[in-house]
Structures are given as structure tokens and as C-alpha cells.
$ cat coords_37.txt   # compact mmCIF, C-alpha atoms and all ligand atoms
# COMPACT_ATOMS: atom_id res chain seq x y z
CA MET A 1442 -6.87 19.94 -66.41
CA ILE A 1443 -10.33 19.60 -64.80
CA HIS A 1444 -13.26 18.21 -66.75
CA PHE A 1445 -16.92 18.03 -65.65
CA GLU A 1446 -19.47 16.01 -67.60
CA ASN A 1447 -23.19 16.08 -66.73
CA VAL A 1448 -22.34 16.61 -63.08
CA GLY A 1449 -25.15 16.80 -60.53
CA LEU A 1450 -24.90 17.38 -56.79
CA ARG A 1451 -27.41 17.08 -53.98
CA TYR A 1452 -26.78 17.17 -50.24
CA GLY A 1453 -28.31 14.07 -48.61
CA MET A 1454 -31.92 13.68 -49.70
CA GLY A 1455 -32.26 17.39 -50.51
CA PRO A 1456 -32.93 18.92 -53.92
CA GLU A 1457 -30.31 18.88 -56.63
CA ILE A 1458 -28.20 22.04 -56.07
CA LEU A 1459 -26.14 21.67 -59.26
CA ARG A 1460 -27.51 20.11 -62.45
CA ASP A 1461 -25.93 18.85 -65.66
CA LEU A 1462 -22.70 20.81 -65.37
CA THR A 1463 -20.44 20.20 -68.35
CA PHE A 1464 -17.30 22.33 -68.68
CA ASP A 1465 -13.52 22.34 -68.55
CA ILE A 1466 -11.03 24.34 -66.52
CA PRO A 1467 -8.19 24.50 -69.06
CA LYS A 1468 -4.55 24.81 -68.09
CA ARG A 1469 -3.45 28.42 -67.53
CA SER A 1470 -7.04 29.72 -67.81
CA PHE A 1471 -8.55 32.55 -65.73
CA GLN A 1472 -12.24 32.62 -64.83
CA PHE A 1473 -14.72 34.20 -62.48
CA LEU A 1474 -17.49 32.08 -61.00
CA THR A 1475 -20.54 34.11 -60.10
CA GLY A 1476 -24.27 33.88 -59.45
CA PRO A 1477 -26.79 34.82 -56.75
CA SER A 1478 -26.26 33.93 -53.11
CA GLY A 1479 -27.08 30.27 -52.54
CA ALA A 1480 -26.63 29.39 -56.24
CA GLY A 1481 -23.96 26.83 -55.38
CA LYS A 1482 -20.62 28.58 -55.96
CA THR A 1483 -19.03 27.22 -52.79
CA THR A 1484 -20.45 23.78 -53.58
CA LEU A 1485 -18.88 23.90 -57.04
CA LEU A 1486 -15.52 24.95 -55.56
CA ARG A 1487 -15.74 21.98 -53.17
CA LEU A 1488 -16.32 19.67 -56.13
CA LEU A 1489 -13.30 21.20 -57.89
CA PHE A 1490 -11.20 20.68 -54.75
CA MET A 1491 -12.39 17.05 -54.51
CA SER A 1492 -13.76 17.58 -51.01
CA LEU A 1493 -17.22 16.63 -52.34
CA LYS A 1494 -18.02 13.88 -54.81
CA PRO A 1495 -20.68 14.38 -57.48
CA THR A 1496 -23.95 12.54 -56.95
CA ARG A 1497 -24.02 11.91 -60.68
CA GLY A 1498 -21.85 12.56 -63.71
CA LEU A 1499 -18.10 12.48 -64.17
CA ILE A 1500 -15.34 14.72 -62.82
CA ARG A 1501 -11.84 14.16 -64.14
CA THR A 1502 -9.07 16.04 -62.33
CA PHE A 1503 -5.44 15.85 -63.45
CA GLY A 1504 -6.52 12.94 -65.67
CA ARG A 1505 -8.11 10.95 -62.84
CA ASP A 1506 -11.80 10.05 -62.38
CA VAL A 1507 -12.52 11.59 -58.98
CA ASN A 1508 -14.96 8.80 -58.07
CA THR A 1509 -12.26 6.17 -58.29
CA ILE A 1510 -9.36 7.95 -56.53
CA PRO A 1511 -8.44 6.03 -53.35
CA PRO A 1512 -8.85 8.33 -50.29
CA GLY A 1513 -5.15 7.92 -49.48
CA GLU A 1514 -4.18 9.59 -52.76
CA LEU A 1515 -6.41 12.64 -52.37
CA PRO A 1516 -4.04 14.72 -50.19
CA MET A 1517 -1.26 14.42 -52.79
CA LEU A 1518 -3.59 15.53 -55.59
CA ARG A 1519 -5.02 18.36 -53.49
CA ARG A 1520 -1.51 19.70 -52.92
CA ARG A 1521 -1.54 20.67 -56.59
CA ILE A 1522 -4.50 22.97 -55.88
CA GLY A 1523 -4.36 26.20 -53.85
CA ILE A 1524 -7.60 27.11 -52.14
CA VAL A 1525 -8.85 30.18 -50.27
CA PHE A 1526 -11.88 29.25 -48.17
CA GLN A 1527 -14.56 31.78 -47.30
CA ASP A 1528 -13.79 31.18 -43.61
CA PHE A 1529 -9.97 31.30 -44.17
CA ARG A 1530 -9.12 28.17 -42.10
CA LEU A 1531 -5.84 29.48 -40.74
CA LEU A 1532 -4.21 27.49 -37.92
CA ASP A 1533 -4.58 29.61 -34.78
CA HIS A 1534 -1.47 28.26 -33.04
CA LEU A 1535 0.84 29.18 -35.92
CA THR A 1536 2.00 32.72 -36.73
CA THR A 1537 1.04 34.43 -39.98
CA TYR A 1538 4.48 33.57 -41.37
CA GLU A 1539 4.18 29.91 -40.30
CA ASN A 1540 0.67 29.62 -41.76
CA VAL A 1541 1.83 30.90 -45.13
CA ALA A 1542 4.96 28.72 -45.08
CA LEU A 1543 2.97 25.61 -44.13
CA PRO A 1544 2.40 24.16 -47.64
CA LEU A 1545 6.17 24.32 -48.23
CA ARG A 1546 6.98 22.79 -44.85
CA VAL A 1547 4.51 19.96 -45.49
CA ARG A 1548 6.36 19.25 -48.73
CA GLY A 1549 9.55 18.86 -46.71
CA LYS A 1550 11.28 21.99 -48.06
CA ASP A 1551 14.09 23.57 -46.09
CA GLU A 1552 13.23 27.02 -44.67
CA ILE A 1553 16.38 28.49 -46.25
CA THR A 1554 14.85 27.85 -49.68
CA TYR A 1555 11.59 29.70 -49.04
CA LYS A 1556 11.96 32.23 -46.21
CA THR A 1557 12.62 35.20 -48.50
CA ASP A 1558 9.71 34.27 -50.80
CA VAL A 1559 7.28 34.00 -47.88
CA LEU A 1560 8.40 37.35 -46.45
CA GLU A 1561 8.14 39.02 -49.85
CA LEU A 1562 4.65 37.67 -50.49
CA LEU A 1563 3.53 38.75 -47.01
CA LYS A 1564 4.82 42.25 -47.75
CA TRP A 1565 3.00 42.25 -51.09
CA VAL A 1566 -0.34 41.45 -49.43
CA GLY A 1567 0.26 44.18 -46.85
CA LEU A 1568 1.11 41.89 -43.92
CA GLY A 1569 4.79 42.78 -43.65
CA ASP A 1570 4.30 44.00 -40.07
CA ARG A 1571 2.01 41.09 -39.03
CA ILE A 1572 4.49 38.27 -39.66
CA ASN A 1573 4.80 37.08 -36.06
CA VAL A 1574 1.18 37.58 -35.05
CA LEU A 1575 -1.24 34.69 -34.40
CA PRO A 1576 -4.44 34.62 -36.53
CA PRO A 1577 -6.88 35.39 -33.66
CA VAL A 1578 -5.27 38.85 -33.46
CA LEU A 1579 -5.67 39.56 -37.17
CA SER A 1580 -8.63 41.49 -38.61
CA GLY A 1581 -10.96 39.75 -41.10
CA GLY A 1582 -9.22 41.39 -44.06
CA GLU A 1583 -5.77 40.47 -42.71
CA LYS A 1584 -6.83 36.83 -42.23
CA GLN A 1585 -8.16 36.78 -45.76
CA ARG A 1586 -4.85 38.07 -47.13
CA ALA A 1587 -2.90 35.52 -45.08
CA ALA A 1588 -5.14 32.76 -46.47
CA ILE A 1589 -4.52 34.06 -50.01
CA ALA A 1590 -0.75 34.13 -49.45
CA ARG A 1591 -0.85 30.54 -48.14
CA ALA A 1592 -2.80 29.40 -51.22
CA LEU A 1593 -0.33 31.08 -53.60
CA ILE A 1594 3.03 30.38 -52.01
CA ASP A 1595 3.60 26.97 -53.58
CA ARG A 1596 2.56 28.11 -57.09
CA PRO A 1597 -0.29 25.61 -57.44
CA GLU A 1598 -1.47 24.30 -60.82
CA VAL A 1599 -4.98 25.49 -59.97
CA LEU A 1600 -6.06 28.25 -57.60
CA LEU A 1601 -9.63 28.24 -56.22
CA ALA A 1602 -10.71 31.30 -54.26
CA ASP A 1603 -14.09 31.83 -52.56
CA GLU A 1604 -14.91 35.57 -52.33
CA PRO A 1605 -11.21 36.41 -51.91
CA THR A 1606 -11.84 40.16 -51.84
CA GLY A 1607 -14.92 40.03 -49.59
CA ASN A 1608 -13.22 41.66 -46.61
CA VAL A 1609 -10.91 44.25 -48.14
CA ASP A 1610 -11.29 47.77 -49.53
CA PRO A 1611 -11.25 48.43 -53.31
CA PRO A 1612 -7.53 49.37 -53.60
CA MET A 1613 -6.51 46.15 -51.78
CA ALA A 1614 -9.01 44.15 -53.91
CA ARG A 1615 -7.27 45.54 -57.02
CA ARG A 1616 -3.87 44.59 -55.57
CA LEU A 1617 -5.04 41.04 -54.82
CA LEU A 1618 -6.53 40.75 -58.30
CA ASN A 1619 -3.12 41.73 -59.73
CA LEU A 1620 -1.56 38.99 -57.64
CA PHE A 1621 -3.99 36.42 -59.08
CA LEU A 1622 -3.28 37.68 -62.60
CA GLU A 1623 0.47 37.43 -62.02
CA LEU A 1624 0.11 33.87 -60.72
CA ASN A 1625 -1.98 33.10 -63.81
CA ARG A 1626 0.75 34.54 -66.06
CA LEU A 1627 3.17 32.17 -64.37
CA GLY A 1628 0.95 29.25 -65.41
CA THR A 1629 -1.70 28.66 -62.73
CA ALA A 1630 -5.34 28.17 -63.74
CA VAL A 1631 -7.43 30.51 -61.57
CA VAL A 1632 -11.10 30.26 -60.51
CA ILE A 1633 -12.42 33.17 -58.44
CA ALA A 1634 -15.92 32.92 -56.97
CA THR A 1635 -17.26 36.41 -56.41
CA HIS A 1636 -20.32 38.65 -56.26
CA ASP A 1637 -18.16 41.70 -56.89
CA LEU A 1638 -19.13 43.14 -60.27
CA GLY A 1639 -16.56 45.93 -59.89
CA LEU A 1640 -13.81 43.33 -59.54
CA MET A 1641 -14.98 41.33 -62.56
CA ASP A 1642 -15.20 44.46 -64.71
CA GLN A 1643 -11.47 45.05 -64.23
CA VAL A 1644 -10.45 42.01 -66.28
CA GLU A 1645 -11.54 40.50 -69.58
CA ALA A 1646 -11.98 36.97 -68.31
CA ARG A 1647 -14.20 33.97 -68.78
CA ARG A 1648 -17.36 34.20 -66.66
CA MET A 1649 -19.08 31.12 -65.29
CA ILE A 1650 -22.54 32.06 -64.08
CA LEU A 1651 -24.56 29.72 -61.86
CA THR A 1652 -28.33 30.20 -61.72
CA GLY A 1653 -30.98 27.73 -60.65
CA GLY A 1654 -28.43 24.92 -60.59
CA HIS A 1655 -27.32 25.49 -64.18
CA LEU A 1656 -24.08 26.94 -65.44
CA ASP A 1657 -23.73 29.38 -68.32
CA ILE A 1658 -20.27 30.23 -69.57
CA TYR A 1659 -19.32 33.48 -71.35
CA GLU A 1660 -15.89 33.26 -72.95
N1 LIG A 1701 -23.47 20.92 -46.16
C1 LIG A 1701 -24.67 21.24 -46.69
N2 LIG A 1701 -25.77 20.50 -46.45
C2 LIG A 1701 -26.97 20.83 -46.98
N3 LIG A 1701 -27.18 21.87 -47.79
C3 LIG A 1701 -26.13 22.65 -48.08
C4 LIG A 1701 -24.81 22.38 -47.56
N4 LIG A 1701 -23.95 23.33 -48.02
C5 LIG A 1701 -24.69 24.15 -48.81
N5 LIG A 1701 -25.98 23.74 -48.85
C6 LIG A 1701 -27.07 24.38 -49.63
O1 LIG A 1701 -26.67 24.37 -50.99
C7 LIG A 1701 -27.07 25.59 -51.64
C8 LIG A 1701 -25.86 26.25 -52.29
O2 LIG A 1701 -24.97 26.70 -51.26
P1 LIG A 1701 -23.54 27.32 -51.58
O3 LIG A 1701 -22.93 27.69 -50.28
O4 LIG A 1701 -22.81 26.41 -52.47
O5 LIG A 1701 -23.98 28.64 -52.39
P2 LIG A 1701 -23.14 29.95 -52.76
O6 LIG A 1701 -23.49 30.29 -54.16
O7 LIG A 1701 -21.71 29.72 -52.46
O8 LIG A 1701 -23.74 31.02 -51.77
P3 LIG A 1701 -23.07 32.39 -51.20
O9 LIG A 1701 -22.83 33.27 -52.38
O10 LIG A 1701 -24.14 32.92 -50.29
O11 LIG A 1701 -21.81 31.99 -50.47
C9 LIG A 1701 -27.75 26.45 -50.56
O12 LIG A 1701 -29.14 26.27 -50.70
C10 LIG A 1701 -27.25 25.84 -49.27
O13 LIG A 1701 -28.21 25.98 -48.26
$ encode --input "coords_37.txt" --output "C-alpha cells"
Amino acid sequence: MIHFENVGLRYGMGPEILRDLTFDIPKRSFQFLTGPSGAGKTTLLRLLFMSLKPTRGLIRTFGRDVNTIPPGELPMLRRRIGIVFQDFRLLDHLTTYENVALPLRVRGKDEITYKTDVLELLKWVGLGDRINVLPPVLSGGEKQRAAIARALIDRPEVLLADEPTGNVDPPMARRLLNLFLELNRLGTAVVIATHDLGLMDQVEARRMILTGGHLDIYE
């Protein structure tokens, strides 16, 4: 589904942050992406989301060479990917419910077809009583769960999550992990960037470890 071949990335004239990355994200796969702070996990997620282009090498996403995709086609391709940013990126003028429903609204779906699903997912992530609240009122952990719900609601083909359990306690982290596993069982390929060894130890999953710009993969 996503293929990297000898990919390198540098910001501006700076040093190469990622070097010679060659790997695949297969359909329906589940993997953790880890490595020390500053190793380039967020950068790699941005490459996977096509919000950064490689400075060398090839990235093929959904069969397309990312370097040759016209900018006008990127939003359509990105809609096939759910992403949870480290800084959440919720829209402050929309309620929690509206933020989570947004990907479906953008697709032109009628609210009747999704309202129950959105409410159910919000309940599952523990936001059942925060539905009509605006994001500035939510705690960090609540924002994170709203961002996760928004990334999952449209059952993307790929889910990318940057430290998705960074702001919640261990029982909620376990609950969110179960949600990612369930989504994966339904067919979504999942990539979770995390430092949380406790979280990774709960699942037998592929581990992608970034160090010094290089990637090692343990199947
Ligand atoms: N927009 C940018 N311009 C220049 N350098 C950047 C930019 N974004 C990230 N970097 C640098 O790239 C390197 C990798 O950063 P990145 O955020 O990808 O690491 P990370 O593994 O996600 O770190 P953390 O675990 O702390 O979130 C760091 O040295 C960082 O300073």
C-alpha cells in the first residue's frame, strides 16, 4: 500500500534526518514506530501522509509516485489516510461532535447516516459527556481522544498516529490500543509512533525503530 525505496529527507540545507529508508507498509498491517526523541518519527509520519516530499528516493502511495502527484489530487488521496497529530489540530469553533463528524461531512454524507456511529465512538473514547463542548474547554487527554475519534470515524485505509497515548493514563491507553487493534481487524493498516514501551509490550506487532537516521524493522 505504501512503499519507500532509498528515501532520504533533509530540512532545507540541514543534515539528512532520514537516510536510505526502504520498507513497505502492507495492507492490513499493524506496526509501532519508535526511536529516541528527535530520531525523526514525526518526519517519517509526515512523509507517509504526503505532507513532506522526500529529498531523494521513491515513495509510492496507493500505487502513485508521490513526487509526481499533482497538488490538486493530494487532498483526495489523503482522505484515505487517518492521522492523529501530536498537537491534535482540532477546529476550535466546532464542537467535539462536529470535529469528529467532519471527515464524513467533507465527503458529503448525510448526518442521518453517521450520527449514531459518531456518538458511539465518542462514548467509546470516554467523551460521551463532552459532545457539545468546544475544544478549548477540553483537557489535553480529551483533545487527544477527540483527535483519535476523528481519525478513525471514516475507517481509513491507513491510520497514522503520533504518540496517541501521550496524554492519557494507562487504562485509557489500553482502551485506545484496543480501538486501534479493532480498526486493524476491520482492514486498516496502522502505524503508531510511540516512546511507550509498556504500550508496545501489550501487542505482538512489527516494530520499526529509527536511530541515527536509519530504520531497523523487527517483524
Ligand atoms: N520543520 C523543520 N525544520 C527543520 N528541522 C526540523 C523540522 N522538523 C523537525 N526537524 C528536525 O528533525 C529532527 C527529527 O524531528 P522529528 O520531530 O521528526 O523527531 P521525533 O522522533 O518525532 O521526535 P520526538 O519523539 O521528540 O517527537 C529533529 O532534529 C528536529 O529538530
$ closest_atom_pairs --input "coords_37.txt" --of "chain A" --to "ligand LIG 1701 (chain A)" --cutoff "10 Å" --atoms "only C-alpha atoms and all ligand atoms" --output "tab-separated table"
residue	atom	partner	partner_atom	distance
A:Leu1450	CA	A:LIG1701	O1	9.3
A:Arg1451	CA	A:LIG1701	N3	7.8
A:Tyr1452	CA	A:LIG1701	C2	4.9
A:Gly1453	CA	A:LIG1701	C2	7.1
A:Met1454	CA	A:LIG1701	C2	9.1
A:Gly1455	CA	A:LIG1701	C2	7.2
A:Pro1456	CA	A:LIG1701	O1	8.8
A:Glu1457	CA	A:LIG1701	O1	8.7
A:Ile1458	CA	A:LIG1701	C7	5.8
A:Leu1459	CA	A:LIG1701	C8	8.3
A:Leu1474	CA	A:LIG1701	O6	9.3
A:Thr1475	CA	A:LIG1701	O6	7.7
A:Gly1476	CA	A:LIG1701	O6	6.4
A:Pro1477	CA	A:LIG1701	O9	6.1
A:Ser1478	CA	A:LIG1701	O9	3.6
A:Gly1479	CA	A:LIG1701	O5	3.5
A:Ala1480	CA	A:LIG1701	O6	3.9
A:Gly1481	CA	A:LIG1701	O4	3.2
A:Lys1482	CA	A:LIG1701	O6	3.8
A:Thr1483	CA	A:LIG1701	O7	3.7
A:Thr1484	CA	A:LIG1701	O4	3.7
A:Leu1485	CA	A:LIG1701	O4	6.5
A:Leu1486	CA	A:LIG1701	O4	8.1
A:Arg1487	CA	A:LIG1701	O4	8.4
A:Leu1493	CA	A:LIG1701	N1	9.8
A:Gln1527	CA	A:LIG1701	O11	7.9
A:Asp1603	CA	A:LIG1701	O7	7.9
A:Glu1604	CA	A:LIG1701	O11	8.0
A:Ala1634	CA	A:LIG1701	O7	8.0
A:Thr1635	CA	A:LIG1701	O9	7.6
A:His1636	CA	A:LIG1701	O9	7.1
A:Leu1651	CA	A:LIG1701	O6	7.8
A:Thr1652	CA	A:LIG1701	O6	9.0
A:Gly1653	CA	A:LIG1701	C8	9.9
A:Gly1654	CA	A:LIG1701	C8	8.8
$ atom_distance --input "coords_37.txt" --atom1 "CA of Asn1625 in chain A" --atom2 "CA of Ser1470 in chain A"
7.3 Å
$ atom_distance --input "coords_37.txt" --atom1 "CA of Gly1567 in chain A" --atom2 "CA of Leu1579 in chain A"
12.3 Å
$ residues_around --input "coords_37.txt" --residues "Asn1619 in chain A" --least-positions-apart "6" --cutoff "12 Å" --atoms "all atoms listed in the file" --output "list in words"
Trp1565, Val1566, Thr1606, Pro1612, Met1613, Asn1625, Arg1626, Leu1640, Gln1643 and Val1644 of chain A
$ atom_distance --input "coords_37.txt" --atom1 "CA of Arg1648 in chain A" --atom2 "CA of Ser1492 in chain A"
23.1 Å
$ residues_around --input "coords_37.txt" --residues "Leu1499 in chain A" --least-positions-apart "4" --cutoff "9 Å" --atoms "all atoms listed in the file" --output "PyMOL selection string"
chain A and resi 1444-1448+1495+1506-1508
$ residues_around --input "coords_37.txt" --residues "Leu1543 in chain A" --least-positions-apart "5" --cutoff "10 Å" --atoms "only C-alpha atoms" --output "ChimeraX atom specification"
/A:1532,1535,1537-1538,1548-1550,1591-1592,1594-1595
$ closest_residue --input "coords_37.txt" --among "A:Ile1553, A:Val1525, A:Val1541, A:Ala1602" --to "Asn1573 in chain A" --atoms "only C-alpha atoms"
A:Val1541
$ residues_near_point --input "coords_37.txt" --point "(2.5, 35.9, -55.4)" --cutoff "9 Å" --atoms "all atoms listed in the file" --output "PyMOL selection string"
chain A and resi 1558+1561-1563+1565-1566+1590+1593-1594+1596+1620-1621+1623-1624
$ closest_residue --input "coords_37.txt" --among "A:Leu1622, A:Ile1510, A:Ile1572, A:Ile1466" --to "Met1491 in chain A" --atoms "all atoms listed in the file"
A:Ile1510
$ residues_around --input "coords_37.txt" --residues "Glu1583 in chain A" --least-positions-apart "4" --cutoff "9 Å" --atoms "only C-alpha atoms" --output "list in words"
Val1566, Gly1567, Leu1568, Arg1571, Pro1576, Leu1579, Ala1587, Ala1588, Asn1608 and Val1609 of chain A
$ axis_aligned_box --input "coords_37.txt" --around "range 1577-1583 of chain A" --padding-each-side "8 Å" --output "JSON"
{"center_x": -8.1, "center_y": 38.4, "center_z": -38.8, "size_x": 21.7, "size_y": 22.1, "size_z": 26.6}
$ closest_residue --input "coords_37.txt" --among "A:Pro1611, A:Gly1449, A:Arg1616, A:Arg1521" --to "Lys1564 in chain A" --atoms "only C-alpha atoms"
A:Arg1616
$ closest_residue --input "coords_37.txt" --among "A:Asp1461, A:Val1559, A:Thr1536, A:Val1547" --to "Val1574 in chain A" --atoms "all atoms listed in the file"
A:Thr1536
$ closest_residue --input "coords_37.txt" --among "A:Ile1650, A:Thr1554, A:Leu1489, A:Arg1615" --to "Arg1501 in chain A" --atoms "only C-alpha atoms"
A:Leu1489
$ closest_residue --input "coords_37.txt" --among "A:Met1517, A:Leu1462, A:Leu1617, A:Ala1646" --to "Arg1586 in chain A" --atoms "all atoms listed in the file"
A:Leu1617
$ residues_near_point --input "coords_37.txt" --point "(-11.3, 33.0, -63.9)" --cutoff "6 Å" --atoms "only C-alpha atoms" --output "list in words"
Phe1471, Gln1472, Phe1473, Val1631, Val1632, Ile1633, Ala1646 and Arg1647 of chain A
